[in-house]
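A.B. asks: Provided herewith is a single structure, encoded as structure tokens, for subsequent inquiry.
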Amino acid sequence: MEFVVISLLNGITYGLLLFMLSSGLTLIFSMMGILNFAHASFYMLGAYFAYQISAWLGFWPGLLVAPLLVGAVGAAVERYGLRRAHRFGHVAELLFTFGLAFLVEEVVHLVWGTSSVDYKIPAELDGTLFTLFSTDFPIYKGFMMLISVGMLVALYALLTRTRIGLIIQAALTKPDMVEALGHNVPRIFMLVFGGGTALAGLAGVIGGNAFITEPGMAAAVGSIVFVVVVVGGLGSLGGAFVASLLIGCIQTFSIGLTISVTDVFALIGVTLPAGSQVARLTITQLAPVLPYILMVAILIFRPRGLMGARES
Amino acid sequence: MKNKLLQRLALAAGAVLISGSALAQVKIAYIDPLSGPFANVGEGGLKGFKEAADILVNQKGGVLGQKLEFVGFDNKGSPQESQIQLKAAIDQGFRFITQGNGSGAAHSLIDAVNKWNARNPDKTVLFFNYAAVDPTLTNEQCSFWHFRFDANTEMKMEAITNFMEKDKSIKKVFIIGQDYAHGHQVAKYTKEQLAKKRPDVKIVGEDLHPIGKVKDFAPYIAKIKASGADTVMTGNWGNDLSLLVKAAKDAGLKARFFTYYAGGLGTPQAMGASGEGKVLQLTEWHDNVPTKSTEKFAADFNKKYAPAAYFYYLRVNTMTEMVAKAMNTAKSTDPKAVALALEDMRFPAENGEVWMRKSDHQLMQPLYISIFTKADGKTVKHDSEGTGYGWKTLASISQRDSQMPTSCIMERP
């Protein structure tokens, strides 16, 4: 019981962080049709900016300023890079974001070095929030959940309850009509891209010190974010939310299970030859692969994802 | 414009001249991760070697009147990249290499060095291993061209299980490790030796996780907790260890940790007060083992490099001094001559007399089991990484007692 509850909490915390990362990606995709390969790089930039600001001013200003800075960088990338690449079609865009990811990593190497930086959890968030059964739940994890849920609510309110949200939604499906009504659609695109990258930046601010801030952090989450978006359905915010939590929990629980691959196959009546390499693997060892297996399965059986609108 | 070009040419010519005179130095290629998840560990090691070469060798006359120098080659922690870096080092004229972070990379390097030396008997290369502890490297896979300066996992587990044998409070052990050669060996020897010495102890869980990839160990800690383990055995190093103990601290896990590397960079800080009385390590030395001159060396080192690196690897100093001594005794920097001089060498290291066993090229040295304790200025004189907590010796194993038999059948040139 203790194990289930704690694992659930761990899974949800991780899932919410994934959602913060993937919400921006899915927003950008649904608005602009751009699969932003550099999205995780903005996550990394968020962590490094927050590290730098917290070294000068402290954690709290960093929490506020770093995502805004990342958003500004994102908006500039859209305005002066992507918009030009856009003229040459989707392949050019894709290659542009792909190259951007490498560029950001190299810049991080040059500015902050190849090793990890000492970006720490602030003292006031370092401690135990509550003790469940006999396991402590750290304040910082609660804080991460709070920020993620707060962001989810704010994003939902922005998209459905405000004028700008209305225009964004309209531009999503009928950009020509919105433009004809006198709205500056390119600027909306820039805002969405900036906003999406700012969300990734925010995830970096709180993920960077919860885990570790190093030049490899973008590559470490880059692929899992795409899994979330594909499983949830390209362009679906709700889908991304469900998929994030699902993948968070799958990873957490699969680590906790002590069954082997042999046991799993036994469930469906297949006996694996004893002593083979595969038969000896445990589900725990397979945990990092499971999200990708899920992605492949989704692509085969339900290509539009859990809640995706279109078939592509 | 023309002036600039001339300037550049002059600079380039100067650089060639300088590197030309640098050839008069004895250079050792340090092939270890300088980028990626273990960059902090790799960089700490390189600083250690550079400092050791400067202070312990070059300031005392150097090697055959020349300077000893360590040059970093980034293998990104990967066995494949290690071979590429080895090739690069050989192309640049290096005849000596050292590596330590990762037995996978060490396997790959031994293989490549053996092949290279068989094909190029006039340009042989010698490999000094300062930290890759997979026992096979000095048993089945042993090589004349490889010397190991750290105790291997078999020796370490023998010492740790001897200690566990006497501690009857240990009832349930959980083994967690990195999923590669080293993690597998730690798990194997833990089980083998505990089964012999403490058959009553139950192994309640055994997990291997991808190396350098896990950023949040909370799910693993939840599993350890659920297993009811009172003791965790791990060979993890670098961030894989500091994040593990950090997650244990966050969840308030009460179990004791037996580790190889808890004194290593970043881990004492990650543990802080929560590691007190709970985290043990087995090393050849720690800050509170009295020495003749290392106390000052360590203080100077920490002053110079902290917080990017703290002095931790005594064996790096031992290795640097032994290699220099071997070159001076052999009156040569030819790898084969150096190897022959290193074999069977007895050396008064700062942790006691050490011996390079000829039959498998494994260094025999004293070992210490220590526990993380509040620094008190007396037995725990020095704290680690400014945490206020340091290492206190619980047991020491003499050089003679640390020896284990080897199955090495060495091919000698």
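Labeling convention for the structure tokens: chains A, B, ... as they appear, residues from 1 per chain, ligands from 1 in order of appearance.
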Which residues of chain B have any atom within 9 Å of an atom in chain A when counting only C-alpha atoms, and what is the closest pair of atoms for each, with the distance in Å to one decimal? Order the rows by chain and rising number and write it as a tab-separated table.
C.D. replies:
residue	atom	partner	partner_atom	distance
B:Leu34	CA	A:Thr114	CA	7.0
B:Ser35	CA	A:Thr114	CA	4.9
B:Gly36	CA	A:Gly216	CA	6.0
B:Pro37	CA	A:Gly216	CA	6.8
B:Phe38	CA	A:Ser115	CA	7.7
B:Ala39	CA	A:Ser115	CA	4.9
B:Asn40	CA	A:Ser115	CA	5.3
B:Val41	CA	A:Ser115	CA	8.9
B:Glu43	CA	A:Ser115	CA	8.1
B:Asp179	CA	A:Gln285	CA	8.5
B:Gly205	CA	A:Thr258	CA	8.2
B:Asp207	CA	A:Thr284	CA	7.2
B:Leu208	CA	A:Gln285	CA	6.5
B:His209	CA	A:Gln285	CA	6.3
B:Pro210	CA	A:Gln285	CA	7.7
B:Lys213	CA	A:Ala220	CA	7.3
B:Lys215	CA	A:Phe211	CA	5.4
B:Asp216	CA	A:Phe211	CA	6.3
B:Ala218	CA	A:Asn10	CA	6.8
B:Pro219	CA	A:Thr252	CA	5.4
B:Tyr220	CA	A:Ile255	CA	6.5
B:Ile221	CA	A:Gly256	CA	9.0
B:Ala222	CA	A:Phe3	CA	6.1
B:Lys223	CA	A:Gly256	CA	5.1
B:Ile224	CA	A:Gly256	CA	8.7
B:Lys225	CA	A:Phe3	CA	7.8
B:Ala226	CA	A:Phe3	CA	5.9
B:Asn239	CA	A:Ile212	CA	8.6
B:Leu243	CA	A:Phe211	CA	7.7
B:Lys249	CA	A:Asp136	CA	8.7
B:Asp250	CA	A:Pro138	CA	5.5
B:Ala251	CA	A:Asp136	CA	4.4
B:Gly252	CA	A:Asp136	CA	5.3
B:Leu253	CA	A:Thr135	CA	7.1
A.B. asks: Do a neighbour search on range 331-346 of chain B at 10 Å with only C-alpha atoms, toss out local chain neighbours closer than 4 positions, and write the hits as number ranges by chain.
C.D. replies: B: 26-27, 63-64, 95-96, 121-128, 144-147, 322-327, 353-364, 413
A.B. asks: May I have the residues from that selection written out with C-alpha atoms, as a PDB file, in the first residue's frame?
C.D. replies:
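Heads up, here's the output in part16.pdb:
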ATOM      1  CA  VAL B  26      57.012  12.570 -20.808  1.00  0.00           C
ATOM      2  CA  LYS B  27      53.322  12.706 -21.594  1.00  0.00           C
ATOM      3  CA  VAL B  63      61.371  12.021 -14.828  1.00  0.00           C
ATOM      4  CA  LEU B  64      64.909  11.522 -16.149  1.00  0.00           C
ATOM      5  CA  ARG B  95      53.115   6.021 -25.395  1.00  0.00           C
ATOM      6  CA  PHE B  96      51.354   5.973 -22.033  1.00  0.00           C
ATOM      7  CA  PRO B 121      56.296  -3.843 -31.339  1.00  0.00           C
ATOM      8  CA  ASP B 122      58.557  -0.802 -31.864  1.00  0.00           C
ATOM      9  CA  LYS B 123      55.883   1.675 -30.745  1.00  0.00           C
ATOM     10  CA  THR B 124      54.214  -0.058 -27.819  1.00  0.00           C
ATOM     11  CA  VAL B 125      51.689   1.619 -25.515  1.00  0.00           C
ATOM     12  CA  LEU B 126      51.252   1.068 -21.779  1.00  0.00           C
ATOM     13  CA  PHE B 127      47.926   1.399 -19.943  1.00  0.00           C
ATOM     14  CA  PHE B 128      47.712   2.545 -16.300  1.00  0.00           C
ATOM     15  CA  PHE B 144      51.183  -7.387 -19.666  1.00  0.00           C
ATOM     16  CA  TRP B 145      50.404  -3.894 -20.949  1.00  0.00           C
ATOM     17  CA  HIS B 146      47.867  -3.093 -18.221  1.00  0.00           C
ATOM     18  CA  PHE B 147      48.494  -2.109 -14.588  1.00  0.00           C
ATOM     19  CA  MET B 322      55.194   4.836  -8.971  1.00  0.00           C
ATOM     20  CA  VAL B 323      55.199   5.486 -12.700  1.00  0.00           C
ATOM     21  CA  ALA B 324      57.835   8.205 -12.278  1.00  0.00           C
ATOM     22  CA  LYS B 325      59.907   5.900 -10.085  1.00  0.00           C
ATOM     23  CA  ALA B 326      59.646   3.099 -12.625  1.00  0.00           C
ATOM     24  CA  MET B 327      60.854   5.383 -15.404  1.00  0.00           C
ATOM     25  CA  GLU B 353      53.512   0.034   1.705  1.00  0.00           C
ATOM     26  CA  VAL B 354      51.959  -1.032  -1.586  1.00  0.00           C
ATOM     27  CA  TRP B 355      52.995  -3.823  -3.922  1.00  0.00           C
ATOM     28  CA  MET B 356      52.445  -4.263  -7.657  1.00  0.00           C
ATOM     29  CA  ARG B 357      51.898  -8.001  -7.995  1.00  0.00           C
ATOM     30  CA  LYS B 358      53.825  -9.358 -10.939  1.00  0.00           C
ATOM     31  CA  SER B 359      51.489 -12.209 -11.812  1.00  0.00           C
ATOM     32  CA  ASP B 360      48.456 -10.040 -12.686  1.00  0.00           C
ATOM     33  CA  HIS B 361      49.620  -6.387 -12.422  1.00  0.00           C
ATOM     34  CA  GLN B 362      47.169  -5.684  -9.610  1.00  0.00           C
ATOM     35  CA  LEU B 363      48.316  -3.220  -6.958  1.00  0.00           C
ATOM     36  CA  MET B 364      48.008  -4.475  -3.399  1.00  0.00           C
ATOM     37  CA  PRO B 413      56.500 -10.138 -24.715  1.00  0.00           C
TER      38      PRO B 413
END
A.B. asks: Could you list, as number ranges by chain, every residue within 8 Å of Ala270 in chain B, counting only C-alpha atoms and ignoring same-chain residues fewer than 6 positions away?
C.D. replies: B: 242-243, 245-246
A.B. asks: Using DSSP on the backbone coordinates, identify the residues of range 41-265 of chain A assigned to helix (DSSP H, G or I); present them as a PyMOL selection string.
C.D. replies: chain A and resi 41-56+59-86+90-112+123-125+139-161+163-173+175-180+185-210+217-232+237-256+261-265
A.B. asks: Using only C-alpha atoms, which protein or nucleic acid residues come within 10 Å of Ser223 in chain A? Drop anything in the same chain fewer than 3 positions from it, and give the result as a VMD selection string.
C.D. replies: chain A and resid 37 40 218 to 220 226 to 228 292
A.B. asks: With a distance cut-off of 10 Å and only C-alpha atoms, select the neighbouring residues of Asp32 in chain B, excluding the residue or stretch itself and same-chain residues fewer than 5 positions from it, and output the selection as a VMD selection string.
C.D. replies: chain B and resid 38 to 39 41 to 43 45 to 46 72 to 78 81 to 82 85 98 to 102 105 to 106
A.B. asks: Which residue out of A:Leu69, A:Leu159, A:Leu16, A:Val225 has the minimum interatomic distance to Gly142 in chain A when only C-alpha atoms are used?
C.D. replies: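 Nearest to Gly142 in chain A: A:Leu16.
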A.B. asks: Between CA of Gly33 in chain A and CA of Met20 in chain A, what distance in Å does the model show, to one decimal?
C.D. replies: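 It comes out at 19.3 Å.
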A.B. asks: Extract the full set of strand (DSSP E or B) residues from range 346-375 of chain B according to DSSP on the backbone, and format it as a list of chain:residue names.
C.D. replies: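 DSSP on the backbone gives strand (DSSP E or B) at B:Arg346, B:Phe347, B:Pro348, B:Ala349, B:Gly352, B:Glu353, B:Val354, B:Trp355, B:Met356, B:Gln362, B:Leu363, B:Met364, B:Leu367, B:Tyr368, B:Ile369, B:Ser370, B:Ile371, B:Phe372, B:Thr373, B:Lys374.
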A.B. asks: Using Å and a single decimal, report how far CA of Val232 in chain B sits from CA of Ile175 in chain B.
C.D. replies: 5.8 Å
A.B. asks: Neighbours of Ala200 in chain A within 12 Å (only C-alpha atoms; same-chain residues fewer than 2 positions away dropped), as a ChimeraX atom specification?
C.D. replies: /A:17-28,36,38-47,66-71,73-74,148,151,193-198,202-208,218,221-222,225
A.B. asks: Would you mind reading off the distance between CA of Gly235 in chain B and CA of Val279 in chain B, one decimal, in Å?
C.D. replies: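 If I compute the distance from CA of Gly235 in chain B to CA of Val279 in chain B, I get 12.7 Å.
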A.B. asks: Can you tell me, as a PyMOL selection string, what residues are no more than 12 Å from Ile164 in chain A when counting only C-alpha atoms, ignoring any on the same chain fewer than 3 positions away?
C.D. replies: chain A and resi 155+157-161+167-171+178+183-185+187-189+191-192
A.B. asks: Next, the residues of the selection above should be written as a PDB file, in the first residue's frame with N, CA and C atoms.
C.D. replies:
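out_3.pdb written:
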ATOM      1  N   LEU A 155      -3.020  28.116 -18.303  1.00  0.00           N
ATOM      2  CA  LEU A 155      -3.019  27.911 -19.753  1.00  0.00           C
ATOM      3  C   LEU A 155      -4.441  27.674 -20.252  1.00  0.00           C
ATOM      4  N   ALA A 157      -7.229  28.631 -18.824  1.00  0.00           N
ATOM      5  CA  ALA A 157      -7.988  29.882 -18.723  1.00  0.00           C
ATOM      6  C   ALA A 157      -7.620  30.811 -19.876  1.00  0.00           C
ATOM      7  N   LEU A 158      -6.332  30.875 -20.174  1.00  0.00           N
ATOM      8  CA  LEU A 158      -5.872  31.776 -21.233  1.00  0.00           C
ATOM      9  C   LEU A 158      -6.485  31.383 -22.572  1.00  0.00           C
ATOM     10  N   LEU A 159      -6.513  30.087 -22.847  1.00  0.00           N
ATOM     11  CA  LEU A 159      -6.964  29.641 -24.168  1.00  0.00           C
ATOM     12  C   LEU A 159      -8.475  29.693 -24.311  1.00  0.00           C
ATOM     13  N   THR A 160      -9.205  29.520 -23.215  1.00  0.00           N
ATOM     14  CA  THR A 160     -10.660  29.432 -23.356  1.00  0.00           C
ATOM     15  C   THR A 160     -11.395  30.644 -22.811  1.00  0.00           C
ATOM     16  N   ARG A 161     -10.758  31.451 -21.987  1.00  0.00           N
ATOM     17  CA  ARG A 161     -11.500  32.521 -21.330  1.00  0.00           C
ATOM     18  C   ARG A 161     -11.059  33.930 -21.741  1.00  0.00           C
ATOM     19  N   ILE A 167      -8.565  34.149 -30.240  1.00  0.00           N
ATOM     20  CA  ILE A 167      -7.916  34.380 -31.536  1.00  0.00           C
ATOM     21  C   ILE A 167      -6.933  33.253 -31.836  1.00  0.00           C
ATOM     22  N   ILE A 168      -6.192  32.822 -30.795  1.00  0.00           N
ATOM     23  CA  ILE A 168      -5.241  31.722 -30.988  1.00  0.00           C
ATOM     24  C   ILE A 168      -5.982  30.480 -31.470  1.00  0.00           C
ATOM     25  N   GLN A 169      -7.079  30.181 -30.795  1.00  0.00           N
ATOM     26  CA  GLN A 169      -7.853  29.003 -31.194  1.00  0.00           C
ATOM     27  C   GLN A 169      -8.380  29.132 -32.609  1.00  0.00           C
ATOM     28  N   ALA A 170      -8.809  30.338 -32.960  1.00  0.00           N
ATOM     29  CA  ALA A 170      -9.338  30.555 -34.303  1.00  0.00           C
ATOM     30  C   ALA A 170      -8.219  30.393 -35.334  1.00  0.00           C
ATOM     31  N   ALA A 171      -7.042  30.969 -35.000  1.00  0.00           N
ATOM     32  CA  ALA A 171      -5.913  30.893 -35.927  1.00  0.00           C
ATOM     33  C   ALA A 171      -5.447  29.455 -36.104  1.00  0.00           C
ATOM     34  N   VAL A 178      -8.846  34.446 -39.954  1.00  0.00           N
ATOM     35  CA  VAL A 178      -8.439  35.325 -38.854  1.00  0.00           C
ATOM     36  C   VAL A 178      -7.659  36.515 -39.404  1.00  0.00           C
ATOM     37  N   HIS A 183      -6.424  40.470 -37.943  1.00  0.00           N
ATOM     38  CA  HIS A 183      -5.455  40.122 -36.901  1.00  0.00           C
ATOM     39  C   HIS A 183      -4.103  39.819 -37.529  1.00  0.00           C
ATOM     40  N   ASN A 184      -3.076  40.138 -36.805  1.00  0.00           N
ATOM     41  CA  ASN A 184      -1.721  39.906 -37.278  1.00  0.00           C
ATOM     42  C   ASN A 184      -1.320  38.462 -36.942  1.00  0.00           C
ATOM     43  N   VAL A 185      -1.611  37.552 -37.865  1.00  0.00           N
ATOM     44  CA  VAL A 185      -1.387  36.127 -37.571  1.00  0.00           C
ATOM     45  C   VAL A 185       0.100  35.801 -37.340  1.00  0.00           C
ATOM     46  N   ARG A 187       2.285  37.551 -35.955  1.00  0.00           N
ATOM     47  CA  ARG A 187       2.655  37.930 -34.588  1.00  0.00           C
ATOM     48  C   ARG A 187       2.066  36.942 -33.579  1.00  0.00           C
ATOM     49  N   ILE A 188       0.874  36.466 -33.874  1.00  0.00           N
ATOM     50  CA  ILE A 188       0.285  35.456 -32.976  1.00  0.00           C
ATOM     51  C   ILE A 188       1.170  34.209 -32.954  1.00  0.00           C
ATOM     52  N   PHE A 189       1.643  33.826 -34.130  1.00  0.00           N
ATOM     53  CA  PHE A 189       2.532  32.677 -34.198  1.00  0.00           C
ATOM     54  C   PHE A 189       3.784  32.899 -33.340  1.00  0.00           C
ATOM     55  N   LEU A 191       4.060  34.830 -30.789  1.00  0.00           N
ATOM     56  CA  LEU A 191       3.657  34.770 -29.378  1.00  0.00           C
ATOM     57  C   LEU A 191       3.514  33.319 -28.917  1.00  0.00           C
ATOM     58  N   VAL A 192       2.874  32.521 -29.768  1.00  0.00           N
ATOM     59  CA  VAL A 192       2.666  31.122 -29.382  1.00  0.00           C
ATOM     60  C   VAL A 192       4.011  30.413 -29.250  1.00  0.00           C
TER      61      VAL A 192
END
A.B. asks: So, with only C-alpha atoms as the atoms that count, which of A:Leu199, A:Leu172, A:Glu179, A:Phe133 lies closest to Gly150 in chain A?
C.D. replies: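 Ranking A:Leu199, A:Leu172, A:Glu179, A:Phe133 by distance to Gly150 in chain A, first place goes to A:Leu199.
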